[in-house]
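coords-v7.txt (compact mmCIF, C-alpha atoms) appears below.
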# COMPACT_ATOMS: atom_id res chain seq x y z
CA MET A 1 20.61 -21.98 7.07
CA LYS A 2 22.72 -18.90 7.44
CA ASN A 3 23.36 -18.43 3.74
CA SER A 4 20.12 -19.73 2.23
CA LYS A 5 18.87 -17.75 -0.73
CA ILE A 6 15.22 -18.24 0.17
CA ILE A 7 12.85 -15.62 1.50
CA ALA A 8 9.77 -17.64 2.43
CA SER A 9 6.64 -15.71 1.69
CA LEU A 10 4.19 -16.91 4.33
CA ASP A 11 1.47 -14.63 3.01
CA LEU A 12 -1.28 -16.59 4.72
CA VAL A 13 -4.13 -15.53 6.96
CA ASP A 14 -4.14 -18.18 9.70
CA SER A 15 -1.77 -17.45 12.59
CA LYS A 16 -1.35 -21.06 13.62
CA GLN A 17 -0.54 -22.21 10.10
CA ILE A 18 1.98 -19.40 9.66
CA LEU A 19 3.73 -19.98 12.98
CA ASP A 20 3.82 -23.77 12.46
CA LEU A 21 5.41 -23.29 9.06
CA ALA A 22 7.84 -20.70 10.41
CA GLU A 23 8.97 -23.07 13.13
CA LYS A 24 9.54 -25.87 10.64
CA ILE A 25 11.48 -23.99 7.99
CA SER A 26 13.10 -21.07 9.82
CA SER A 27 16.51 -22.68 10.21
CA ASP A 28 16.76 -23.34 6.47
CA ILE A 29 15.77 -19.98 5.01
CA PHE A 30 17.14 -16.43 4.96
CA ALA A 31 13.97 -14.61 6.03
CA ILE A 32 10.18 -14.74 6.18
CA LYS A 33 8.00 -12.31 4.27
CA ILE A 34 4.43 -11.45 5.23
CA ASN A 35 1.98 -9.02 3.65
CA TRP A 36 -1.14 -6.97 4.38
CA PRO A 37 -3.65 -9.85 4.30
CA THR A 38 -1.54 -11.54 7.00
CA ILE A 39 -1.44 -8.44 9.20
CA MET A 40 -5.14 -7.70 8.66
CA SER A 41 -6.12 -11.26 9.58
CA CYS A 42 -3.63 -12.05 12.35
CA GLY A 43 -3.00 -8.61 13.82
CA VAL A 44 0.25 -6.66 13.70
CA GLU A 45 1.58 -8.79 16.60
CA ILE A 46 2.24 -11.57 14.09
CA ILE A 47 5.45 -9.66 13.30
CA ASP A 48 6.62 -9.97 16.93
CA HIS A 49 5.77 -13.67 17.00
CA LEU A 50 7.51 -14.47 13.71
CA SER A 51 10.58 -12.47 14.72
CA LYS A 52 11.36 -15.17 17.26
CA TYR A 53 11.92 -17.62 14.41
CA ALA A 54 13.53 -15.56 11.65
CA LYS A 55 14.12 -12.15 10.15
CA VAL A 56 10.74 -10.74 9.12
CA ILE A 57 10.29 -8.64 6.00
CA CYS A 58 6.93 -6.84 5.93
CA ASP A 59 5.76 -6.57 2.36
CA LEU A 60 3.64 -3.47 2.81
CA LYS A 61 4.16 -1.91 -0.63
CA ILE A 62 4.05 1.41 1.23
CA ALA A 63 2.70 4.06 -1.15
CA ASP A 64 1.19 6.94 0.78
CA ILE A 65 2.16 10.54 1.56
CA PRO A 66 5.24 11.08 3.76
CA TYR A 67 3.25 11.75 6.96
CA THR A 68 1.48 8.38 6.70
CA ASN A 69 4.46 6.42 5.36
CA GLU A 70 6.53 7.34 8.37
CA LYS A 71 3.79 6.05 10.67
CA ILE A 72 3.34 2.76 8.79
CA ALA A 73 7.08 2.09 8.78
CA GLY A 74 7.35 3.10 12.44
CA ILE A 75 4.67 0.66 13.56
CA ALA A 76 6.20 -2.22 11.57
CA SER A 77 9.62 -1.45 12.99
CA SER A 78 8.35 -1.19 16.57
CA HIS A 79 6.89 -4.70 16.23
CA GLY A 80 10.24 -6.14 15.26
CA ALA A 81 10.30 -6.07 11.46
CA TRP A 82 13.84 -6.69 10.21
CA GLY A 83 12.93 -5.17 6.87
CA MET A 84 10.02 -3.77 4.90
CA ILE A 85 9.05 -3.30 1.27
CA SER A 86 8.07 0.17 0.08
CA HIS A 87 7.05 1.56 -3.27
CA ILE A 88 9.24 4.27 -4.77
CA PHE A 89 6.84 5.56 -7.46
CA PRO A 90 4.97 7.99 -5.15
CA GLY A 91 8.15 10.04 -4.95
CA GLU A 92 11.38 10.66 -3.09
CA ASP A 93 9.75 12.51 -0.17
CA SER A 94 7.55 9.49 0.48
CA LEU A 95 10.56 7.13 0.34
CA LYS A 96 12.55 9.31 2.74
CA ALA A 97 9.66 9.15 5.21
CA VAL A 98 9.67 5.34 5.08
CA ILE A 99 13.40 5.30 5.82
CA LYS A 100 12.89 7.70 8.73
CA GLY A 101 10.02 5.67 10.16
CA ALA A 102 11.85 2.36 9.71
CA LYS A 103 14.39 3.45 12.34
CA GLY A 104 17.17 1.22 11.06
CA ALA A 105 15.05 -1.62 9.72
CA LYS A 106 16.08 -2.43 6.15
CA VAL A 107 14.05 -0.81 3.39
CA PHE A 108 13.53 -2.54 0.05
CA GLY A 109 12.13 -0.41 -2.75
CA VAL A 110 10.00 -1.76 -5.58
CA VAL A 111 11.58 -0.87 -8.94
CA SER A 112 9.43 -3.23 -11.00
CA MET A 113 6.56 -5.63 -10.42
CA SER A 114 5.72 -9.12 -11.62
CA ASN A 115 2.14 -8.53 -12.86
CA PRO A 116 2.02 -8.10 -16.65
CA ASP A 117 0.18 -4.75 -16.60
CA SER A 118 2.85 -3.14 -14.43
CA GLU A 119 4.81 -2.69 -17.66
CA LYS A 120 2.65 0.23 -18.71
CA MET A 121 3.53 2.77 -16.05
CA LEU A 122 5.55 1.40 -13.16
CA ASN A 123 8.25 -0.78 -14.70
CA GLY A 124 9.19 1.80 -17.30
CA ASN A 125 10.52 4.00 -14.50
CA TRP A 126 12.93 1.41 -13.09
CA GLN A 127 16.06 3.43 -13.80
CA THR A 128 14.69 6.55 -12.10
CA MET A 129 13.65 4.44 -9.12
CA ILE A 130 17.04 2.71 -8.80
CA LYS A 131 18.67 6.12 -8.82
CA MET A 132 16.39 7.20 -5.95
CA ALA A 133 17.14 3.96 -4.08
CA LYS A 134 20.89 4.59 -4.35
CA VAL A 135 20.79 8.28 -3.49
CA ASN A 136 18.77 7.52 -0.37
CA GLY A 137 20.97 4.63 0.71
CA ILE A 138 18.28 2.00 1.12
CA TYR A 139 19.31 -1.64 1.59
CA GLY A 140 17.74 -3.25 -1.41
CA ILE A 141 15.23 -3.36 -4.21
CA VAL A 142 12.51 -5.66 -5.48
CA ALA A 143 12.76 -6.90 -9.05
CA PRO A 144 10.74 -9.63 -10.74
CA ALA A 145 11.83 -13.24 -11.23
CA ASN A 146 9.46 -13.61 -14.18
CA ASN A 147 11.24 -11.07 -16.39
CA GLN A 148 14.85 -12.19 -16.64
CA ASP A 149 15.85 -9.67 -19.31
CA LEU A 150 14.78 -6.83 -17.05
CA LEU A 151 16.38 -8.46 -14.02
CA ILE A 152 19.75 -8.63 -15.80
CA LYS A 153 19.54 -4.94 -16.69
CA ILE A 154 18.52 -4.06 -13.14
CA ARG A 155 21.38 -6.11 -11.66
CA LYS A 156 23.91 -4.18 -13.75
CA ASP A 157 22.48 -0.84 -12.69
CA ALA A 158 21.80 -1.65 -9.02
CA GLU A 159 25.46 -1.86 -7.93
CA ASN A 160 25.54 -2.61 -4.18
CA LEU A 161 21.79 -2.76 -3.68
CA LYS A 162 20.54 -6.18 -2.63
CA ILE A 163 17.93 -7.60 -5.01
CA ILE A 164 15.03 -9.69 -3.77
CA SER A 165 12.85 -11.31 -6.43
CA PRO A 166 9.22 -12.41 -6.29
CA GLY A 167 7.41 -13.96 -9.22
CA SER A 168 8.90 -17.45 -9.13
CA ILE A 169 7.14 -20.71 -9.83
CA PHE A 170 3.42 -19.79 -9.67
CA GLN A 171 4.04 -16.56 -11.55
CA GLY A 172 6.30 -18.22 -14.09
CA GLY A 173 9.80 -17.36 -12.88
CA ASP A 174 12.64 -19.88 -12.51
CA PRO A 175 14.11 -19.30 -9.03
CA LEU A 176 17.53 -20.77 -9.80
CA LEU A 177 17.93 -18.75 -12.99
CA THR A 178 16.84 -15.67 -11.02
CA LEU A 179 19.76 -16.15 -8.62
CA GLU A 180 22.16 -16.88 -11.47
CA ASN A 181 21.05 -13.63 -13.09
CA GLY A 182 21.95 -11.64 -10.01
CA ALA A 183 19.13 -11.66 -7.48
CA ASP A 184 20.49 -12.00 -3.95
CA TYR A 185 17.39 -13.76 -2.66
CA VAL A 186 14.31 -15.31 -4.24
CA ILE A 187 10.93 -14.86 -2.63
CA ILE A 188 9.00 -18.14 -2.75
CA GLY A 189 5.48 -18.28 -1.41
CA ARG A 190 2.93 -20.67 -2.84
CA GLY A 191 5.83 -22.83 -4.06
CA ILE A 192 6.62 -23.50 -0.40
CA TYR A 193 3.33 -23.42 1.46
CA GLU A 194 1.32 -25.22 -1.19
CA SER A 195 3.91 -27.99 -1.55
CA LYS A 196 3.21 -31.31 0.13
CA ASP A 197 6.36 -31.03 2.22
CA PRO A 198 7.60 -27.44 2.71
CA VAL A 199 10.71 -28.57 4.64
CA GLU A 200 11.70 -30.91 1.84
CA PHE A 201 11.04 -28.20 -0.76
CA VAL A 202 13.29 -25.74 1.07
CA ASN A 203 16.07 -28.28 1.62
CA ASN A 204 15.94 -29.37 -2.01
CA PHE A 205 16.21 -25.80 -3.21
CA ASN A 206 19.10 -25.05 -0.84
CA GLY A 207 20.84 -28.18 -2.18
CA LEU A 208 20.26 -27.05 -5.74
CA CYS A 209 21.77 -23.65 -4.92
CA LYS A 210 24.78 -25.33 -3.31
CA ARG A 211 25.40 -27.57 -6.32
CA ASN A 212 25.26 -24.47 -8.52
CA ASN A 213 27.74 -22.58 -6.33
CA LEU A 214 25.19 -19.98 -5.34
CA LEU A 215 25.61 -20.15 -1.57
CA SER A 216 28.98 -18.43 -1.27
CA SER A 217 27.76 -15.01 -0.14
CA MET B 1 -25.79 15.35 7.50
CA LYS B 2 -26.91 13.48 4.44
CA ASN B 3 -25.37 15.82 1.93
CA SER B 4 -22.25 16.99 3.79
CA LYS B 5 -19.17 17.33 1.62
CA ILE B 6 -16.81 16.18 4.35
CA ILE B 7 -14.97 12.91 4.50
CA ALA B 8 -13.45 12.94 7.98
CA SER B 9 -10.06 11.35 7.98
CA LEU B 10 -9.78 9.79 11.43
CA ASP B 11 -6.32 8.46 10.67
CA LEU B 12 -5.48 7.99 14.33
CA VAL B 13 -4.12 5.04 16.26
CA ASP B 14 -6.20 5.01 19.44
CA SER B 15 -9.50 3.10 19.13
CA LYS B 16 -11.26 5.02 21.87
CA GLN B 17 -10.31 8.41 20.47
CA ILE B 18 -11.43 7.36 16.98
CA LEU B 19 -14.76 5.93 18.11
CA ASP B 20 -15.48 8.92 20.37
CA LEU B 21 -14.82 11.29 17.49
CA ALA B 22 -16.90 9.15 15.11
CA GLU B 23 -19.84 9.21 17.49
CA LYS B 24 -19.65 13.00 17.84
CA ILE B 25 -19.35 13.96 14.18
CA SER B 26 -20.92 11.08 12.25
CA SER B 27 -24.29 12.75 11.73
CA ASP B 28 -22.65 15.81 10.16
CA ILE B 29 -20.26 14.22 7.67
CA PHE B 30 -20.49 12.15 4.50
CA ALA B 31 -18.06 9.39 5.50
CA ILE B 32 -15.09 8.47 7.69
CA LYS B 33 -11.72 7.56 6.24
CA ILE B 34 -9.13 5.46 8.05
CA ASN B 35 -5.73 4.25 6.90
CA TRP B 36 -3.09 1.58 7.55
CA PRO B 37 -1.71 3.02 10.81
CA THR B 38 -5.27 2.87 12.18
CA ILE B 39 -5.77 -0.75 11.12
CA MET B 40 -2.31 -1.78 12.34
CA SER B 41 -2.87 -0.18 15.74
CA CYS B 42 -6.56 -0.91 16.34
CA GLY B 43 -7.01 -4.14 14.39
CA VAL B 44 -9.13 -4.63 11.29
CA GLU B 45 -12.25 -4.80 13.49
CA ILE B 46 -12.13 -1.01 13.75
CA ILE B 47 -13.84 -1.03 10.34
CA ASP B 48 -16.80 -2.99 11.76
CA HIS B 49 -17.04 -0.67 14.77
CA LEU B 50 -16.89 2.53 12.72
CA SER B 51 -19.43 1.19 10.23
CA LYS B 52 -22.06 1.53 12.93
CA TYR B 53 -21.59 5.30 12.85
CA ALA B 54 -20.94 6.14 9.22
CA LYS B 55 -19.77 4.94 5.82
CA VAL B 56 -16.15 3.85 6.15
CA ILE B 57 -13.60 4.40 3.40
CA CYS B 58 -10.42 2.39 3.92
CA ASP B 59 -7.50 4.35 2.57
CA LEU B 60 -5.28 1.39 1.82
CA LYS B 61 -3.48 2.77 -1.24
CA ILE B 62 -3.58 -0.82 -2.50
CA ALA B 63 -0.58 -1.37 -4.76
CA ASP B 64 0.31 -5.03 -4.96
CA ILE B 65 -0.04 -7.83 -7.53
CA PRO B 66 -3.58 -8.94 -8.44
CA TYR B 67 -3.51 -12.06 -6.22
CA THR B 68 -2.75 -9.98 -3.11
CA ASN B 69 -4.91 -6.99 -4.04
CA GLU B 70 -7.98 -9.17 -4.27
CA LYS B 71 -7.30 -10.52 -0.78
CA ILE B 72 -6.72 -7.06 0.76
CA ALA B 73 -9.90 -5.69 -0.79
CA GLY B 74 -11.85 -8.80 0.22
CA ILE B 75 -10.86 -8.53 3.87
CA ALA B 76 -11.72 -4.82 4.02
CA SER B 77 -15.08 -5.50 2.39
CA SER B 78 -15.90 -8.41 4.69
CA HIS B 79 -15.38 -6.10 7.68
CA GLY B 80 -17.92 -3.63 6.38
CA ALA B 81 -15.91 -1.09 4.39
CA TRP B 82 -18.27 1.05 2.29
CA GLY B 83 -15.37 2.04 0.07
CA MET B 84 -11.62 1.71 -0.33
CA ILE B 85 -8.80 3.62 -1.96
CA SER B 86 -6.53 1.80 -4.38
CA HIS B 87 -3.58 2.85 -6.48
CA ILE B 88 -3.96 2.51 -10.24
CA PHE B 89 -0.27 2.93 -11.01
CA PRO B 90 0.67 -0.79 -10.68
CA GLY B 91 -1.55 -1.60 -13.68
CA GLU B 92 -5.00 -2.52 -14.87
CA ASP B 93 -4.78 -6.19 -13.80
CA SER B 94 -4.08 -5.04 -10.25
CA LEU B 95 -7.01 -2.61 -10.32
CA LYS B 96 -9.38 -5.27 -11.65
CA ALA B 97 -8.39 -7.53 -8.75
CA VAL B 98 -9.25 -4.80 -6.24
CA ILE B 99 -12.68 -4.38 -7.83
CA LYS B 100 -13.24 -8.14 -7.73
CA GLY B 101 -12.15 -8.39 -4.09
CA ALA B 102 -14.20 -5.35 -3.04
CA LYS B 103 -17.41 -7.28 -3.81
CA GLY B 104 -19.50 -4.21 -4.43
CA ALA B 105 -17.76 -1.83 -2.04
CA LYS B 106 -16.89 1.41 -3.84
CA VAL B 107 -13.38 1.65 -5.26
CA PHE B 108 -11.60 5.01 -5.47
CA GLY B 109 -8.44 5.09 -7.60
CA VAL B 110 -5.53 7.44 -6.96
CA VAL B 111 -4.81 9.49 -10.10
CA SER B 112 -2.54 12.00 -8.38
CA MET B 113 -1.11 12.59 -4.92
CA SER B 114 -0.63 15.61 -2.70
CA ASN B 115 3.05 15.20 -1.79
CA PRO B 116 5.31 17.43 -3.94
CA ASP B 117 7.57 14.62 -5.21
CA SER B 118 4.62 12.67 -6.63
CA GLU B 119 4.90 14.99 -9.64
CA LYS B 120 7.91 13.12 -10.98
CA MET B 121 6.37 9.75 -11.83
CA LEU B 122 2.83 9.33 -10.58
CA ASN B 123 0.97 12.56 -11.32
CA GLY B 124 2.20 12.80 -14.89
CA ASN B 125 0.16 9.69 -15.71
CA TRP B 126 -3.17 11.05 -14.47
CA GLN B 127 -4.85 10.90 -17.89
CA THR B 128 -3.90 7.25 -18.42
CA MET B 129 -5.14 6.42 -14.94
CA ILE B 130 -8.48 8.22 -15.39
CA LYS B 131 -8.96 6.25 -18.58
CA MET B 132 -8.39 3.02 -16.65
CA ALA B 133 -10.77 4.17 -13.92
CA LYS B 134 -13.51 4.83 -16.47
CA VAL B 135 -13.01 1.65 -18.49
CA ASN B 136 -13.21 -0.43 -15.32
CA GLY B 137 -16.25 1.39 -13.98
CA ILE B 138 -14.93 2.27 -10.55
CA TYR B 139 -16.87 4.72 -8.40
CA GLY B 140 -14.40 7.51 -7.98
CA ILE B 141 -10.89 8.86 -7.98
CA VAL B 142 -8.57 10.66 -5.60
CA ALA B 143 -7.17 14.01 -6.70
CA PRO B 144 -5.29 16.58 -4.62
CA ALA B 145 -6.77 19.66 -2.97
CA ASN B 146 -3.38 21.34 -2.95
CA ASN B 147 -3.03 21.53 -6.74
CA GLN B 148 -6.10 23.34 -8.03
CA ASP B 149 -4.87 23.65 -11.62
CA LEU B 150 -4.52 19.90 -11.85
CA LEU B 151 -7.84 19.35 -10.06
CA ILE B 152 -9.66 21.49 -12.64
CA LYS B 153 -8.14 19.47 -15.49
CA ILE B 154 -8.98 16.20 -13.76
CA ARG B 155 -12.59 17.32 -13.13
CA LYS B 156 -13.07 18.01 -16.83
CA ASP B 157 -11.67 14.63 -17.82
CA ALA B 158 -13.28 12.54 -15.07
CA GLU B 159 -16.88 12.83 -16.32
CA ASN B 160 -19.11 10.82 -13.96
CA LEU B 161 -16.37 9.67 -11.62
CA LYS B 162 -16.73 11.02 -8.09
CA ILE B 163 -13.70 12.99 -6.94
CA ILE B 164 -12.50 12.90 -3.34
CA SER B 165 -9.71 15.31 -2.42
CA PRO B 166 -7.10 15.10 0.32
CA GLY B 167 -4.44 17.73 0.87
CA SER B 168 -6.57 20.44 2.49
CA ILE B 169 -5.54 22.74 5.30
CA PHE B 170 -2.37 21.09 6.74
CA GLN B 171 -1.09 20.29 3.26
CA GLY B 172 -1.96 23.71 1.92
CA GLY B 173 -5.25 23.14 0.07
CA ASP B 174 -8.37 25.32 0.45
CA PRO B 175 -11.27 22.90 1.03
CA LEU B 176 -13.99 25.27 -0.19
CA LEU B 177 -12.13 26.14 -3.38
CA THR B 178 -11.55 22.41 -3.90
CA LEU B 179 -15.31 21.81 -3.92
CA GLU B 180 -15.91 24.83 -6.14
CA ASN B 181 -13.36 23.41 -8.58
CA GLY B 182 -15.26 20.16 -8.83
CA ALA B 183 -14.32 17.79 -6.06
CA ASP B 184 -17.38 15.93 -4.78
CA TYR B 185 -15.98 15.53 -1.27
CA VAL B 186 -13.02 16.94 0.63
CA ILE B 187 -11.03 14.73 2.93
CA ILE B 188 -10.19 16.61 6.12
CA GLY B 189 -8.08 14.95 8.78
CA ARG B 190 -5.84 16.97 11.04
CA GLY B 191 -8.06 19.99 10.35
CA ILE B 192 -10.82 18.14 12.23
CA TYR B 193 -9.13 16.03 14.87
CA GLU B 194 -6.51 18.61 15.82
CA SER B 195 -9.10 21.39 16.13
CA LYS B 196 -10.22 22.38 19.62
CA ASP B 197 -13.83 21.52 18.80
CA PRO B 198 -14.22 19.01 15.95
CA VAL B 199 -18.03 19.23 16.03
CA GLU B 200 -17.92 22.99 15.67
CA PHE B 201 -15.34 22.71 12.88
CA VAL B 202 -17.54 20.30 10.93
CA ASN B 203 -20.69 22.35 11.43
CA ASN B 204 -18.94 25.54 10.43
CA PHE B 205 -17.64 23.96 7.26
CA ASN B 206 -21.06 22.51 6.40
CA GLY B 207 -22.53 26.00 6.92
CA LEU B 208 -19.89 27.50 4.67
CA CYS B 209 -20.74 24.96 1.95
CA LYS B 210 -24.44 25.75 2.31
CA ARG B 211 -23.89 29.50 1.96
CA ASN B 212 -21.86 28.81 -1.16
CA ASN B 213 -24.57 26.61 -2.66
CA LEU B 214 -22.40 23.51 -2.58
CA LEU B 215 -24.78 21.17 -0.78
CA SER B 216 -27.24 20.57 -3.59
CA SER B 217 -26.00 17.18 -4.74
Do you think you could lay out the structure here as structure tokens?
Amino acid sequence: MKNSKIIASLDLVDSKQILDLAEKISSDIFAIKINWPTIMSCGVEIIDHLSKYAKVICDLKIADIPYTNEKIAGIASSHGAWGMISHIFPGEDSLKAVIKGAKGAKVFGVVSMSNPDSEKMLNGNWQTMIKMAKVNGIYGIVAPANNQDLLIKIRKDAENLKIISPGSIFQGGDPLLTLENGADYVIIGRGIYESKDPVEFVNNFNGLCKRNNLLSS
Amino acid sequence: MKNSKIIASLDLVDSKQILDLAEKISSDIFAIKINWPTIMSCGVEIIDHLSKYAKVICDLKIADIPYTNEKIAGIASSHGAWGMISHIFPGEDSLKAVIKGAKGAKVFGVVSMSNPDSEKMLNGNWQTMIKMAKVNGIYGIVAPANNQDLLIKIRKDAENLKIISPGSIFQGGDPLLTLENGADYVIIGRGIYESKDPVEFVNNFNGLCKRNNLLSS
């Protein structure tokens, strides 16, 4: 579905299961997200395979020195990643290297996380990190679905940056409320792949979005 | 060499080149470090292969939510990693999950980085992060070889934590001074694999350490 608000997080470790799921739900979602356990277990070629079904966002939480960041982003991009998630906290030089390595693939920067202890150091810097995201012209940012007060503040400050939000359902966030509060897409993982019928789950959620006038963009 | 102070960073992307180098230098170093570009390009099995030659430290800069961190650490451990590098910045719950996933493999936490822009957010929190490292009983921390003033402060505060230091040579750090200032091991990458004779480089540096009475521990 062209305007679905769902990024399906297929953060699994079995290639067949991932590709079967991708085939089933790809026409009803915006994009697929995978992470390091997926790439470690299935090989980096899983990005190429998934790209045949949908846009692939590699959730790599890139957080190394510039020299290494550029390489990580470059490899993901060369395997067909449509987008990738990078940390911003290691500094602007590291973020610039991700953008350079991504060679046009969309970069999403983490400005806050959904685990409770991220409050202590990382989340407190969200304004500084949004500023860096804007100055460097990245495509979007990652902000949590399980902290709606923070999400509302981030939405106001983020201007044209796309917001993608993890932390729904299993981590306590309400995905519909997350979209109403300004996220452009919600990342849903276990909510989809641990449901009895992932296709039904996705269709129901798209229907819910439609009834709440959230599918216009 | 049992008491070498060198961690050889074989952060390359060609399996054959990495394994050839490992075979040549493994008896004269403390451990081998690899990173994400290596695992993406060679497959996670490179850890198993390298483990036959030397201790392998996976420099994964783990920085995700607890659920994912535990999986990343678990996969690295199951492939024979002796140790792994994790960020501490995302919070204590995330660090605890790495320790749990590592199943006895040594965890090294990043308390500061070697890229200049890491000063802004990450490095300023080094004291908080050392406290977390101590409380959670991890094996060691990562502190930069290209900021000796900070390294000296970190050494004083780190007590029994082992310190491993990247940022030598190509990033401006003096590896011998780094050891004299309290690092337990220096991480040398391009200095080794871009040298004309990596074996000679390693032996020379071990000799230099010996003459400076740095090989006692």
Test item: chain A residues at most 8 Å from chain B, counting all atoms listed in the file, as number ranges by chain:
A: 36-37, 39-41, 43-44, 61, 63-66, 68, 71-72, 75, 89-94, 113-122, 125
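The shortest atom-to-atom distance to A:Leu21, with all atoms listed in the file taken into account, belongs to A:Tyr53 out of A:Phe108, A:Trp126, A:Phe170, A:Tyr53.
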Quick one: residues within 10 Å of A:Ser78, all atoms listed in the file counted, chain neighbours fewer than 4 positions away excluded, as a list in words?
Ile47, Asp48, Ala73, Gly74, Gly101, Ala102, Lys103 and Ala105 of chain A
For stretch 67-71 of chain B, I'd like the enclosing box, axis-aligned and padded by 5 Å on every side, reported as JSON with centre and edge lengths in Å to one decimal.
{"center_x": -5.4, "center_y": -9.5, "center_z": -3.5, "size_x": 15.2, "size_y": 15.1, "size_z": 15.4}
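Closest approach to B:Lys153 among B:Asn181, B:Asn203, B:Val110, B:Asn3: B:Asn181, based on all atoms listed in the file.
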Can you put all heavy atoms back into stretch 210-216 of chain A and show it as a CSV table (one decimal), keeping the file's coordinate frame?
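Output file rebuild.csv is given in full below:
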chain,number,residue,atom,x,y,z
A,210,LYS,N,23.4,-24.9,-3.7
A,210,LYS,CA,24.8,-25.3,-3.3
A,210,LYS,C,25.5,-26.0,-4.5
A,210,LYS,O,26.6,-25.6,-4.8
A,210,LYS,CB,24.7,-26.3,-2.1
A,210,LYS,CG,26.0,-26.4,-1.3
A,210,LYS,CD,25.8,-27.2,-0.1
A,210,LYS,CE,27.1,-27.3,0.7
A,210,LYS,NZ,27.0,-28.2,1.9
A,211,ARG,N,24.8,-26.9,-5.2
A,211,ARG,CA,25.4,-27.6,-6.3
A,211,ARG,C,25.7,-26.6,-7.4
A,211,ARG,O,26.6,-26.8,-8.3
A,211,ARG,CB,24.4,-28.7,-6.8
A,211,ARG,CG,24.4,-29.9,-6.0
A,211,ARG,CD,23.8,-31.1,-6.7
A,211,ARG,NE,22.4,-30.9,-7.0
A,211,ARG,CZ,21.4,-31.0,-6.1
A,211,ARG,NH1,21.6,-31.2,-4.8
A,211,ARG,NH2,20.1,-30.8,-6.5
A,212,ASN,N,25.0,-25.5,-7.5
A,212,ASN,CA,25.3,-24.5,-8.5
A,212,ASN,C,26.1,-23.3,-8.0
A,212,ASN,O,26.2,-22.3,-8.6
A,212,ASN,CB,23.9,-24.0,-9.1
A,212,ASN,CG,23.3,-25.0,-10.0
A,212,ASN,OD1,23.6,-25.1,-11.2
A,212,ASN,ND2,22.4,-25.8,-9.4
A,213,ASN,N,26.8,-23.6,-6.9
A,213,ASN,CA,27.7,-22.6,-6.3
A,213,ASN,C,27.1,-21.2,-6.1
A,213,ASN,O,27.7,-20.2,-6.4
A,213,ASN,CB,29.0,-22.4,-7.2
A,213,ASN,CG,29.7,-23.7,-7.4
A,213,ASN,OD1,30.0,-24.4,-6.4
A,213,ASN,ND2,30.0,-24.1,-8.7
A,214,LEU,N,25.9,-21.2,-5.6
A,214,LEU,CA,25.2,-20.0,-5.3
A,214,LEU,C,25.1,-19.6,-3.9
A,214,LEU,O,24.5,-18.6,-3.5
A,214,LEU,CB,23.8,-20.0,-5.9
A,214,LEU,CG,23.7,-20.0,-7.5
A,214,LEU,CD1,22.3,-20.5,-7.9
A,214,LEU,CD2,24.0,-18.6,-8.0
A,215,LEU,N,25.7,-20.4,-3.0
A,215,LEU,CA,25.6,-20.2,-1.6
A,215,LEU,C,26.8,-19.5,-1.0
A,215,LEU,O,27.0,-19.5,0.3
A,215,LEU,CB,25.3,-21.4,-0.8
A,215,LEU,CG,23.9,-22.1,-1.1
A,215,LEU,CD1,23.7,-23.2,-0.1
A,215,LEU,CD2,22.8,-21.1,-1.0
A,216,SER,N,27.7,-19.0,-1.8
A,216,SER,CA,29.0,-18.4,-1.3
A,216,SER,C,28.8,-17.2,-0.4
A,216,SER,O,29.5,-17.0,0.6
A,216,SER,CB,29.9,-18.2,-2.4
A,216,SER,OG,29.3,-17.4,-3.4
